[in-house]
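To be precise, the following lines are start.pdb, and they hold PDB, C-alpha atoms.
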```pdb
ATOM      1  CA  MET A1003     -10.746  21.459  16.909
ATOM      2  CA  PRO A1004     -12.137  18.052  15.974
ATOM      3  CA  ILE A1005     -12.801  15.392  18.583
ATOM      4  CA  PHE A1006     -12.504  11.774  17.508
ATOM      5  CA  TYR A1007     -13.713   9.193  20.006
ATOM      6  CA  GLU A1008     -13.334  11.661  22.882
ATOM      7  CA  THR A1009      -9.808  12.620  21.822
ATOM      8  CA  GLU A1010      -9.328  16.211  20.683
ATOM      9  CA  VAL A1011      -6.654  16.768  18.046
ATOM     10  CA  ASN A1012      -4.880  20.046  17.414
ATOM     11  CA  SER A1013      -5.262  20.174  13.648
ATOM     12  CA  ARG A1014      -7.847  19.612  10.937
ATOM     13  CA  LEU A1015      -5.271  17.874   8.777
ATOM     14  CA  MET A1016      -4.674  14.134   8.820
ATOM     15  CA  LEU A1017      -1.626  13.351   6.721
ATOM     16  CA  GLY A1018      -0.433  10.118   5.161
ATOM     17  CA  THR A1019       3.141   8.898   5.446
ATOM     18  CA  ALA A1020       3.591   7.161   2.069
ATOM     19  CA  GLN A1021       5.281   8.136  -1.200
ATOM     20  CA  TYR A1022       7.593  10.905   0.075
ATOM     21  CA  PRO A1023      10.956  11.310  -1.679
ATOM     22  CA  SER A1024      12.786  10.673   1.619
ATOM     23  CA  PRO A1025      12.164  10.267   5.358
ATOM     24  CA  ALA A1026      13.629  13.739   5.921
ATOM     25  CA  ILE A1027      11.142  15.326   3.520
ATOM     26  CA  LEU A1028       8.304  13.429   5.205
ATOM     27  CA  ALA A1029       9.368  14.905   8.545
ATOM     28  CA  GLN A1030       9.601  18.413   7.052
ATOM     29  CA  ALA A1031       6.126  18.086   5.537
ATOM     30  CA  PHE A1032       4.632  17.068   8.867
ATOM     31  CA  LYS A1033       6.342  19.938  10.648
ATOM     32  CA  ARG A1034       5.113  22.568   8.174
ATOM     33  CA  SER A1035       1.621  21.110   7.978
ATOM     34  CA  GLY A1036       1.009  20.994  11.710
ATOM     35  CA  ALA A1037      -0.917  17.743  11.094
ATOM     36  CA  GLY A1038      -2.182  16.143  14.272
ATOM     37  CA  ILE A1039      -2.667  12.617  12.955
ATOM     38  CA  ALA A1040      -0.499  10.429  10.720
ATOM     39  CA  THR A1041      -1.861   7.449   8.828
ATOM     40  CA  VAL A1042       0.297   4.333   8.756
ATOM     41  CA  SER A1043       0.015   0.728   7.582
ATOM     42  CA  VAL A1044       1.390  -2.772   8.148
ATOM     43  CA  ARG A1045       3.259  -4.736   5.509
ATOM     44  CA  ARG A1046       5.253  -7.964   5.291
ATOM     45  CA  GLU A1047       8.741  -8.007   6.769
ATOM     46  CA  ALA A1048      11.544 -10.560   6.403
ATOM     47  CA  GLY A1049      13.756 -11.697   9.280
ATOM     48  CA  GLY A1050      16.701  -9.375   9.896
ATOM     49  CA  GLU A1051      15.045  -6.546   7.938
ATOM     50  CA  ARG A1052      14.944  -3.266   9.878
ATOM     51  CA  ALA A1053      12.467  -1.336   7.757
ATOM     52  CA  GLY A1054       9.697  -1.664  10.313
ATOM     53  CA  GLN A1055      11.820  -0.491  13.217
ATOM     54  CA  ASP A1056      13.305   2.379  11.175
ATOM     55  CA  PHE A1057       9.853   3.596  10.187
ATOM     56  CA  TRP A1058       8.627   3.245  13.751
ATOM     57  CA  ASP A1059      11.509   5.419  14.979
ATOM     58  CA  LEU A1060      10.715   8.028  12.315
ATOM     59  CA  ILE A1061       7.031   8.368  13.150
ATOM     60  CA  ALA A1062       7.687   8.311  16.894
ATOM     61  CA  ASP A1063       9.730  11.490  16.387
ATOM     62  CA  LEU A1064       6.820  13.240  14.628
ATOM     63  CA  GLY A1065       4.900  13.569  17.901
ATOM     64  CA  VAL A1066       1.489  12.987  16.313
ATOM     65  CA  LYS A1067      -1.295  10.501  16.927
ATOM     66  CA  LEU A1068      -1.232   7.428  14.713
ATOM     67  CA  LEU A1069      -4.122   6.111  12.639
ATOM     68  CA  PRO A1070      -3.280   2.674  11.188
ATOM     69  CA  ASN A1071      -5.138   1.613   8.070
ATOM     70  CA  THR A1072      -6.272  -1.600   6.412
ATOM     71  CA  ALA A1073      -5.263  -0.361   2.968
ATOM     72  CA  GLY A1074      -5.448  -2.888   0.173
ATOM     73  CA  CYS A1075      -7.839  -5.238   1.949
ATOM     74  CA  HIS A1076     -10.625  -6.578  -0.248
ATOM     75  CA  SER A1077     -12.419  -8.890   2.188
ATOM     76  CA  VAL A1078     -13.892  -8.564   5.657
ATOM     77  CA  ARG A1079     -11.631 -11.239   7.107
ATOM     78  CA  GLU A1080      -8.504  -9.694   5.609
ATOM     79  CA  ALA A1081      -9.446  -6.265   6.970
ATOM     80  CA  VAL A1082     -10.274  -7.586  10.441
ATOM     81  CA  THR A1083      -7.023  -9.560  10.747
ATOM     82  CA  THR A1084      -5.009  -6.603   9.447
ATOM     83  CA  ALA A1085      -6.712  -4.323  11.985
ATOM     84  CA  GLN A1086      -5.887  -6.722  14.803
ATOM     85  CA  MET A1087      -2.229  -6.863  13.770
ATOM     86  CA  ALA A1088      -2.132  -3.063  13.475
ATOM     87  CA  ARG A1089      -3.621  -2.613  16.946
ATOM     88  CA  GLU A1090      -0.872  -4.713  18.462
ATOM     89  CA  LEU A1091       1.898  -2.994  16.492
ATOM     90  CA  PHE A1092       0.792   0.593  17.006
ATOM     91  CA  ASP A1093      -0.860   0.162  20.397
ATOM     92  CA  THR A1094      -4.030   2.071  19.494
ATOM     93  CA  PRO A1095      -7.726   1.153  19.198
ATOM     94  CA  TRP A1096      -8.035   3.547  16.231
ATOM     95  CA  ILE A1097      -8.308   1.958  12.796
ATOM     96  CA  LYS A1098      -8.903   3.543   9.404
ATOM     97  CA  LEU A1099     -11.051   0.798   7.957
ATOM     98  CA  GLU A1100     -10.705   0.188   4.235
ATOM     99  CA  VAL A1101     -12.536  -2.658   2.529
ATOM    100  CA  ILE A1102     -11.989  -2.093  -1.162
ATOM    101  CA  GLY A1103     -14.730  -3.194  -3.535
ATOM    102  CA  HIS A1104     -13.535  -2.100  -6.959
ATOM    103  CA  ALA A1105     -10.024  -2.438  -8.336
ATOM    104  CA  ASP A1106     -10.080   0.527 -10.748
ATOM    105  CA  THR A1107     -11.696   3.153  -8.547
ATOM    106  CA  LEU A1108     -10.677   1.726  -5.147
ATOM    107  CA  GLN A1109     -14.286   2.412  -4.171
ATOM    108  CA  PRO A1110     -15.171   0.990  -0.746
ATOM    109  CA  ASP A1111     -17.255  -2.194  -0.621
ATOM    110  CA  PRO A1112     -20.207  -0.846   1.399
ATOM    111  CA  PHE A1113     -21.491  -4.274   2.446
ATOM    112  CA  GLY A1114     -18.105  -5.574   3.607
ATOM    113  CA  LEU A1115     -17.349  -2.233   5.250
ATOM    114  CA  VAL A1116     -20.421  -2.368   7.495
ATOM    115  CA  GLU A1117     -19.784  -6.008   8.410
ATOM    116  CA  ALA A1118     -16.130  -5.354   9.261
ATOM    117  CA  ALA A1119     -17.007  -2.183  11.192
ATOM    118  CA  ARG A1120     -19.456  -4.129  13.346
ATOM    119  CA  ILE A1121     -16.930  -6.902  14.076
ATOM    120  CA  LEU A1122     -14.175  -4.454  14.952
ATOM    121  CA  THR A1123     -16.402  -2.214  17.090
ATOM    122  CA  ASP A1124     -17.548  -5.265  19.058
ATOM    123  CA  ASP A1125     -13.860  -6.122  19.526
ATOM    124  CA  GLY A1126     -13.124  -2.727  21.093
ATOM    125  CA  PHE A1127     -11.822  -0.857  18.053
ATOM    126  CA  GLN A1128     -12.630   2.782  17.348
ATOM    127  CA  VAL A1129     -13.352   2.673  13.644
ATOM    128  CA  PHE A1130     -12.712   5.446  11.102
ATOM    129  CA  PRO A1131     -14.462   4.031   8.014
ATOM    130  CA  TYR A1132     -13.285   5.050   4.552
ATOM    131  CA  CYS A1133     -16.684   5.215   2.846
ATOM    132  CA  THR A1134     -18.639   6.882   0.094
ATOM    133  CA  GLU A1135     -21.030   9.775   0.726
ATOM    134  CA  ASP A1136     -24.048   7.406   0.505
ATOM    135  CA  LEU A1137     -26.476   8.392   3.272
ATOM    136  CA  VAL A1138     -27.847   4.889   3.796
ATOM    137  CA  LEU A1139     -24.357   3.391   4.048
ATOM    138  CA  CYS A1140     -23.361   6.066   6.547
ATOM    139  CA  ASP A1141     -26.501   5.363   8.604
ATOM    140  CA  ARG A1142     -25.514   1.681   8.717
ATOM    141  CA  LEU A1143     -21.975   2.553   9.750
ATOM    142  CA  ILE A1144     -23.281   4.644  12.629
ATOM    143  CA  GLU A1145     -25.558   1.751  13.639
ATOM    144  CA  ALA A1146     -22.504  -0.525  13.519
ATOM    145  CA  GLY A1147     -20.805   1.678  16.102
ATOM    146  CA  CYS A1148     -18.736   4.126  14.065
ATOM    147  CA  ARG A1149     -18.489   7.593  15.636
ATOM    148  CA  VAL A1150     -16.578   9.132  12.719
ATOM    149  CA  LEU A1151     -17.346   9.030   8.993
ATOM    150  CA  MET A1152     -14.724   9.464   6.289
ATOM    151  CA  PRO A1153     -16.359   9.830   2.855
ATOM    152  CA  TRP A1154     -14.145  10.087  -0.190
ATOM    153  CA  GLY A1155     -13.862  13.329  -2.107
ATOM    154  CA  ALA A1156     -12.761  11.425  -5.210
ATOM    155  CA  PRO A1157     -10.960   8.105  -5.818
ATOM    156  CA  ILE A1158      -7.684   7.666  -3.942
ATOM    157  CA  GLY A1159      -4.717   9.325  -5.609
ATOM    158  CA  THR A1160      -6.688  11.153  -8.314
ATOM    159  CA  GLY A1161      -6.499  14.708  -6.995
ATOM    160  CA  LEU A1162      -9.919  15.442  -8.505
ATOM    161  CA  GLY A1163     -11.269  17.165  -5.407
ATOM    162  CA  LEU A1164     -14.874  17.020  -4.227
ATOM    163  CA  ASN A1165     -16.697  15.070  -6.944
ATOM    164  CA  ASN A1166     -20.102  15.191  -5.284
ATOM    165  CA  VAL A1167     -20.530  18.425  -3.376
ATOM    166  CA  TYR A1168     -24.273  17.883  -3.050
ATOM    167  CA  GLY A1169     -23.739  14.455  -1.483
ATOM    168  CA  LEU A1170     -21.130  15.734   0.949
ATOM    169  CA  ARG A1171     -23.362  18.675   1.905
ATOM    170  CA  SER A1172     -26.277  16.294   2.492
ATOM    171  CA  LEU A1173     -24.110  14.117   4.684
ATOM    172  CA  ARG A1174     -23.129  17.128   6.788
ATOM    173  CA  ALA A1175     -26.774  18.089   7.175
ATOM    174  CA  HIS A1176     -27.863  14.572   8.124
ATOM    175  CA  PHE A1177     -25.103  14.011  10.665
ATOM    176  CA  PRO A1178     -24.586  17.397  12.343
ATOM    177  CA  ASP A1179     -22.979  15.859  15.429
ATOM    178  CA  VAL A1180     -20.761  13.207  13.832
ATOM    179  CA  PRO A1181     -17.172  14.187  13.009
ATOM    180  CA  LEU A1182     -16.854  14.100   9.208
ATOM    181  CA  VAL A1183     -13.554  13.817   7.369
ATOM    182  CA  VAL A1184     -13.062  14.050   3.615
ATOM    183  CA  ASP A1185     -10.704  11.181   2.944
ATOM    184  CA  ALA A1186      -9.010  10.760  -0.419
ATOM    185  CA  GLY A1187      -9.090  12.458  -3.779
ATOM    186  CA  LEU A1188      -7.840  15.905  -2.787
ATOM    187  CA  GLY A1189      -5.136  17.404  -4.973
ATOM    188  CA  LEU A1190      -5.089  21.113  -4.130
ATOM    189  CA  PRO A1191      -5.450  23.269  -1.017
ATOM    190  CA  SER A1192      -8.491  25.015  -2.536
ATOM    191  CA  GLN A1193     -10.308  21.661  -2.470
ATOM    192  CA  ALA A1194      -9.486  21.247   1.216
ATOM    193  CA  ALA A1195     -10.794  24.767   1.842
ATOM    194  CA  GLN A1196     -14.014  23.804   0.067
ATOM    195  CA  ALA A1197     -14.432  20.819   2.397
ATOM    196  CA  MET A1198     -14.020  23.158   5.364
ATOM    197  CA  GLU A1199     -16.552  25.605   3.893
ATOM    198  CA  LEU A1200     -19.044  22.722   3.802
ATOM    199  CA  GLY A1201     -18.543  22.320   7.539
ATOM    200  CA  TYR A1202     -16.389  19.220   7.477
ATOM    201  CA  ASP A1203     -14.245  18.669  10.540
ATOM    202  CA  ALA A1204     -11.025  17.556   8.866
ATOM    203  CA  VAL A1205      -9.453  16.193   5.694
ATOM    204  CA  LEU A1206      -7.172  13.227   5.197
ATOM    205  CA  LEU A1207      -4.700  13.336   2.341
ATOM    206  CA  ASN A1208      -1.362  11.918   1.296
ATOM    207  CA  THR A1209      -0.542  11.967  -2.420
ATOM    208  CA  ALA A1210      -1.262  15.689  -2.895
ATOM    209  CA  VAL A1211       1.534  16.514  -0.466
ATOM    210  CA  ALA A1212       3.935  13.619  -1.001
ATOM    211  CA  LYS A1213       3.916  13.915  -4.811
ATOM    212  CA  ALA A1214       4.169  17.713  -4.949
ATOM    213  CA  GLY A1215       7.443  19.140  -6.226
ATOM    214  CA  ASP A1216       7.998  20.653  -2.783
ATOM    215  CA  PRO A1217       6.050  18.506  -0.299
ATOM    216  CA  ALA A1218       6.801  20.684   2.733
ATOM    217  CA  LEU A1219       5.588  23.843   0.974
ATOM    218  CA  MET A1220       2.433  22.080  -0.233
ATOM    219  CA  ALA A1221       1.823  20.807   3.292
ATOM    220  CA  GLU A1222       1.848  24.363   4.595
ATOM    221  CA  GLY A1223      -0.407  25.397   1.721
ATOM    222  CA  PHE A1224      -2.970  22.822   2.837
ATOM    223  CA  ALA A1225      -2.676  23.929   6.453
ATOM    224  CA  ARG A1226      -3.413  27.556   5.525
ATOM    225  CA  ALA A1227      -6.289  26.569   3.236
ATOM    226  CA  LEU A1228      -7.876  24.530   6.006
ATOM    227  CA  GLU A1229      -7.691  27.489   8.331
ATOM    228  CA  ALA A1230      -9.159  29.835   5.713
ATOM    229  CA  GLY A1231     -11.974  27.440   4.851
ATOM    230  CA  ARG A1232     -12.869  26.869   8.473
ATOM    231  CA  PHE A1233     -12.918  30.623   9.146
ATOM    232  CA  ALA A1234     -15.312  31.000   6.224
ATOM    233  CA  PHE A1235     -17.636  28.288   7.567
ATOM    234  CA  GLU A1236     -17.693  29.805  11.043
ATOM    235  CA  ALA A1237     -18.236  33.300   9.611
ATOM    236  CA  ASP A1238     -21.628  32.272   8.071
ATOM    237  CA  PRO A1239     -21.085  33.077   4.366
ATOM    238  CA  MET A1240     -23.470  35.151   2.288
ATOM    239  CA  GLU A1241     -26.077  33.416   0.149
ATOM    240  CA  PRO A1242     -25.168  33.305  -3.566
ATOM    241  CA  ARG A1243     -27.669  34.865  -5.989
ATOM    242  CA  ASP A1244     -28.142  34.985  -9.735
ATOM    243  CA  MET A1245     -28.740  38.708 -10.260
ATOM    244  CA  ALA A1246     -26.171  41.423  -9.655
ATOM    245  CA  ALA A1247     -26.576  43.612  -6.597
ATOM    246  CA  PRO A1248     -24.418  46.759  -6.360
ATOM    247  CA  SER A1249     -22.266  46.871  -3.267
ATOM    248  CA  THR A1250     -21.689  50.636  -3.473
ATOM    249  CA  PRO A1251     -24.775  52.617  -2.336
ATOM    250  CA  VAL A1252     -26.920  53.932  -5.207
ATOM    251  CA  LEU A1253     -28.350  56.661  -3.005
ATOM    252  CA  GLY A1254     -26.368  59.891  -3.285
ATOM    253  CA  LYS A1255     -24.730  59.087  -6.605
ATOM    254  CA  ALA A1256     -24.013  62.252  -8.591
ATOM    255  CA  PHE A1257     -26.396  62.779 -11.511
ATOM    256  CA  LEU A1258     -24.040  63.329 -14.434
ATOM    257  CA  ALA A1259     -25.977  62.069 -17.450
TER     258      ALA A1259
ATOM    259  CA  MET B1162       8.118 -29.359   7.511
ATOM    260  CA  LYS B1163       6.992 -27.193   4.614
ATOM    261  CA  ILE B1164       4.999 -24.074   5.416
ATOM    262  CA  ILE B1165       4.276 -20.763   3.657
ATOM    263  CA  VAL B1166       5.843 -17.607   5.133
ATOM    264  CA  ASN B1167       4.732 -14.285   3.680
ATOM    265  CA  GLY B1168       3.645 -16.005   0.513
ATOM    266  CA  ALA B1169       6.857 -18.005  -0.055
ATOM    267  CA  SER B1170       7.529 -21.682   0.602
ATOM    268  CA  HIS B1171       9.721 -22.328   3.637
ATOM    269  CA  ASP B1172      11.222 -25.465   5.235
ATOM    270  CA  THR B1173      11.259 -25.237   9.017
ATOM    271  CA  VAL B1174      12.286 -27.357  11.980
ATOM    272  CA  ALA B1175      10.313 -25.112  14.345
ATOM    273  CA  THR B1176       7.197 -26.551  15.940
ATOM    274  CA  THR B1177       5.759 -23.271  17.261
ATOM    275  CA  LEU B1178       5.259 -19.786  15.838
ATOM    276  CA  ALA B1179       7.722 -18.387  18.395
ATOM    277  CA  GLY B1180      10.312 -20.944  17.280
ATOM    278  CA  LEU B1181       9.774 -20.003  13.649
ATOM    279  CA  LEU B1182      10.282 -16.296  14.387
ATOM    280  CA  ASP B1183      13.594 -17.118  16.118
ATOM    281  CA  GLU B1184      14.616 -19.311  13.203
ATOM    282  CA  LEU B1185      13.902 -16.488  10.739
ATOM    283  CA  GLY B1186      15.919 -13.971  12.752
ATOM    284  CA  HIS B1187      13.122 -11.687  13.892
ATOM    285  CA  GLY B1188      14.432 -11.631  17.467
ATOM    286  CA  GLN B1189      12.795  -8.752  19.313
ATOM    287  CA  ALA B1190      11.692  -6.991  16.118
ATOM    288  CA  LYS B1191       8.482  -4.954  16.116
ATOM    289  CA  ILE B1192       6.251  -7.391  14.232
ATOM    290  CA  ALA B1193       2.743  -8.820  14.306
ATOM    291  CA  THR B1194       1.658 -12.246  13.136
ATOM    292  CA  ALA B1195      -1.198 -14.257  11.678
ATOM    293  CA  VAL B1196      -1.558 -17.975  10.979
ATOM    294  CA  ASN B1197      -3.965 -19.141   8.289
ATOM    295  CA  GLU B1198      -5.490 -15.635   8.089
ATOM    296  CA  ALA B1199      -6.182 -15.452  11.856
ATOM    297  CA  PHE B1200      -4.334 -12.972  14.086
ATOM    298  CA  VAL B1201      -2.012 -14.522  16.685
ATOM    299  CA  PRO B1202      -1.169 -12.092  19.520
ATOM    300  CA  ALA B1203       2.446 -11.899  20.641
ATOM    301  CA  ALA B1204       1.563 -13.523  23.953
ATOM    302  CA  MET B1205       0.212 -16.596  22.123
ATOM    303  CA  ARG B1206       3.178 -17.289  19.833
ATOM    304  CA  GLU B1207       4.779 -19.837  22.192
ATOM    305  CA  LYS B1208       1.551 -21.834  22.291
ATOM    306  CA  GLN B1209       0.764 -21.561  18.569
ATOM    307  CA  THR B1210       1.883 -24.910  17.109
ATOM    308  CA  LEU B1211       2.652 -25.207  13.415
ATOM    309  CA  THR B1212       1.262 -27.767  10.988
ATOM    310  CA  MET B1213       2.479 -28.634   7.517
ATOM    311  CA  GLY B1214       1.045 -26.224   4.964
ATOM    312  CA  ASP B1215       0.306 -23.458   7.467
ATOM    313  CA  ARG B1216       0.259 -19.955   6.004
ATOM    314  CA  ILE B1217       2.164 -17.502   8.191
ATOM    315  CA  GLU B1218       2.049 -13.735   7.836
ATOM    316  CA  ILE B1219       4.670 -11.572   9.539
ATOM    317  CA  VAL B1220       4.164  -7.798   9.268
ATOM    318  CA  ALA B1221       5.784  -4.622  10.590
ATOM    319  CA  PRO B1222       4.973  -0.879  10.629
ATOM    320  CA  ARG B1223       5.084   0.800   7.217
ATOM    321  CA  GLN B1224       4.155   4.000   5.458
ATOM    322  CA  GLY B1225       0.454   4.383   4.690
ATOM    323  CA  GLY B1226      -2.143   6.828   3.432
TER     324      GLY B1226
END
```

For this file, write the structure as structure tokens.
Amino acid sequence: MPIFYETEVNSRLMLGTAQYPSPAILAQAFKRSGAGIATVSVRREAGGERAGQDFWDLIADLGVKLLPNTAGCHSVREAVTTAQMARELFDTPWIKLEVIGHADTLQPDPFGLVEAARILTDDGFQVFPYCTEDLVLCDRLIEAGCRVLMPWGAPIGTGLGLNNVYGLRSLRAHFPDVPLVVDAGLGLPSQAAQAMELGYDAVLLNTAVAKAGDPALMAEGFARALEAGRFAFEADPMEPRDMAAPSTPVLGKAFLA
Amino acid sequence: MKIIVNGASHDTVATTLAGLLDELGHGQAKIATAVNEAFVPAAMREKQTLTMGDRIEIVAPRQGG
């Protein structure tokens, strides 16, 4: 099972906590998925409001590790301050670092991401950067102190799957010892299985489960696909080829022409 | 004194961040704070004085992806 910053988790699924029809359905989805990590965020709260405490009670009951994010941050300073507030609230050095660079695609800002990762690492954070599959960017993130990389499969919330299989495969080959997580863009379990077949360590998703007609059933679908894909990777798949090759022996075939 | 709390104008008699949180009814709520875009740890709220025009952010745990 994957090890993130010397902590082993019991699942290859990291599941978001947003957009579910109800808290009860969120809890059911987590139970059926077996997810080991839940992503969470921080948002404004008014005096006397109990939303924060209610959500805290809900996720405490899930019994999973928490990965706070800096979702929606567009600048280094905003992301760093949000990370610091999240660390105090959730009592963890883990941070899913998002520095968004483009409003339509929610593509990470690679320059701001590296700068924020360096600041947070120096401040004792263990950074999980939401990045693209760009090899040079990922090199810089490793230099900045990141020990996990989380390239997108496709833009957040699109469900398009793995848009750049070549790039993700290259990343796996270049960083054989760094835990790699496909973060964002997955819509179907088959896409999660494909990420596993590429040798990725885990996937992080939210919308695909939360917006399914039956989130708990979809969560279990993803869990099974992850297991199947990982089995395939570990089993050393056959090489594809262009020409047909009969699987039934030719030798000994009856001559009936 | 006029300050900005979570993006909205607010008149306060509090002189510290801790006093403001009491005034707003946060009590012992699970929150984190920033003043003028800089994080203020819980242990520093008593010492964090407020100045007219300060921008205060008060956040709590929420759903996220």

* **Selection result of the ChimeraX specification (/A :<10) & /B on this file, as a PyMOL selection string** => chain B and resi 1166-1168+1182-1188+1190-1195+1198-1203+1218-1226

* Distance in Å - atom CA of A:Gly1103 versus atom CA of A:Thr1134 -> 11.4 Å

* To do: Would you translate the PyMOL selection byres ((chain B and resi 1207) around 7) into the concrete set of residues it matches in this file, as a VMD selection string?
  => chain B and resid 1177 to 1179 1205 to 1206 1208 to 1209

* Have a look at atom CA of A:Asn1012 and atom CA of A:Gly1038 and let me know their distance in Å, one decimal. => 5.7 Å

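Of note, atom CA of A:Glu1199 and atom CA of A:Gly1147 are spaced 27.2 Å apart.
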
* To do: Considering all atoms listed in the file, return as a count of residues only whatever protein or nucleic-acid residues lie within 8 Å of A:Glu1222, sequence-local ones (same chain, fewer than 5 positions apart) excluded.
  => 4

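Applied to the file shown here, the PyMOL selection byres ((chain A and resi 1166-1175) around 9) selects Glu1135, Asp1136, Leu1137, Cys1140, Pro1153, Gly1155, Ala1156, Leu1164, Asn1165, His1176, Phe1177, Pro1178, Asp1179, Val1180, Leu1182, Val1184, Ala1197, Leu1200, Gly1201 and Tyr1202 of chain A.
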
Do a neighbour search on A:His1076 at 10 Å with only C-alpha atoms, toss out local chain neighbours closer than 4 positions, and write the hits as a PDB file with C-alpha atoms, in the coordinates of the input.
```pdb
ATOM      1  CA  THR A1072      -6.272  -1.600   6.412  1.00  0.00           C
ATOM      2  CA  GLU A1080      -8.504  -9.694   5.609  1.00  0.00           C
ATOM      3  CA  ALA A1081      -9.446  -6.265   6.970  1.00  0.00           C
ATOM      4  CA  GLU A1100     -10.705   0.188   4.235  1.00  0.00           C
ATOM      5  CA  VAL A1101     -12.536  -2.658   2.529  1.00  0.00           C
ATOM      6  CA  ILE A1102     -11.989  -2.093  -1.162  1.00  0.00           C
ATOM      7  CA  GLY A1103     -14.730  -3.194  -3.535  1.00  0.00           C
ATOM      8  CA  HIS A1104     -13.535  -2.100  -6.959  1.00  0.00           C
ATOM      9  CA  ALA A1105     -10.024  -2.438  -8.336  1.00  0.00           C
ATOM     10  CA  LEU A1108     -10.677   1.726  -5.147  1.00  0.00           C
ATOM     11  CA  PRO A1110     -15.171   0.990  -0.746  1.00  0.00           C
ATOM     12  CA  ASP A1111     -17.255  -2.194  -0.621  1.00  0.00           C
ATOM     13  CA  GLY A1114     -18.105  -5.574   3.607  1.00  0.00           C
ATOM     14  CA  LEU A1115     -17.349  -2.233   5.250  1.00  0.00           C
TER      15      LEU A1115
END
```

* Can you pull out every residue within 9 Å of A:Leu1122, counting only C-alpha atoms, but drop anything in the same chain fewer than 4 positions away, and send it as a PyMOL selection string? => chain A and resi 1082+1085-1086+1097+1117-1118+1126-1129

* Got a sec: who's within 10 Å of A:Ala1234, counting only C-alpha atoms, leaving out chain neighbours fewer than 4 positions off, as a PyMOL selection string? -> chain A and resi 1195-1196+1198-1201+1228-1230+1238-1240

I need the chosen residues saved as a tab-separated table (two decimals), in the coordinates of the input, with C-alpha atoms.
```tsv
chain	number	residue	atom	x	y	z
A	1195	ALA	CA	-10.79	24.77	1.84
A	1196	GLN	CA	-14.01	23.80	0.07
A	1198	MET	CA	-14.02	23.16	5.36
A	1199	GLU	CA	-16.55	25.60	3.89
A	1200	LEU	CA	-19.04	22.72	3.80
A	1201	GLY	CA	-18.54	22.32	7.54
A	1228	LEU	CA	-7.88	24.53	6.01
A	1229	GLU	CA	-7.69	27.49	8.33
A	1230	ALA	CA	-9.16	29.84	5.71
A	1238	ASP	CA	-21.63	32.27	8.07
A	1239	PRO	CA	-21.08	33.08	4.37
A	1240	MET	CA	-23.47	35.15	2.29
```

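Comparing A:Trp1096, A:Phe1235, A:Phe1224, A:Phe1130 by their smallest distance to A:Lys1067, the closest is A:Trp1096 (using only C-alpha atoms).
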
Exercise: residues within 6 Å of coordinate (-17.7, 10.5, 9.0), counting only C-alpha atoms, as a PDB file with C-alpha atoms, keeping the file's coordinate frame:
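File selection-v9.pdb, as written:
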```pdb
ATOM      1  CA  VAL A1150     -16.578   9.132  12.719  1.00  0.00           C
ATOM      2  CA  LEU A1151     -17.346   9.030   8.993  1.00  0.00           C
ATOM      3  CA  MET A1152     -14.724   9.464   6.289  1.00  0.00           C
ATOM      4  CA  PRO A1181     -17.172  14.187  13.009  1.00  0.00           C
ATOM      5  CA  LEU A1182     -16.854  14.100   9.208  1.00  0.00           C
ATOM      6  CA  VAL A1183     -13.554  13.817   7.369  1.00  0.00           C
TER       7      VAL A1183
END
```
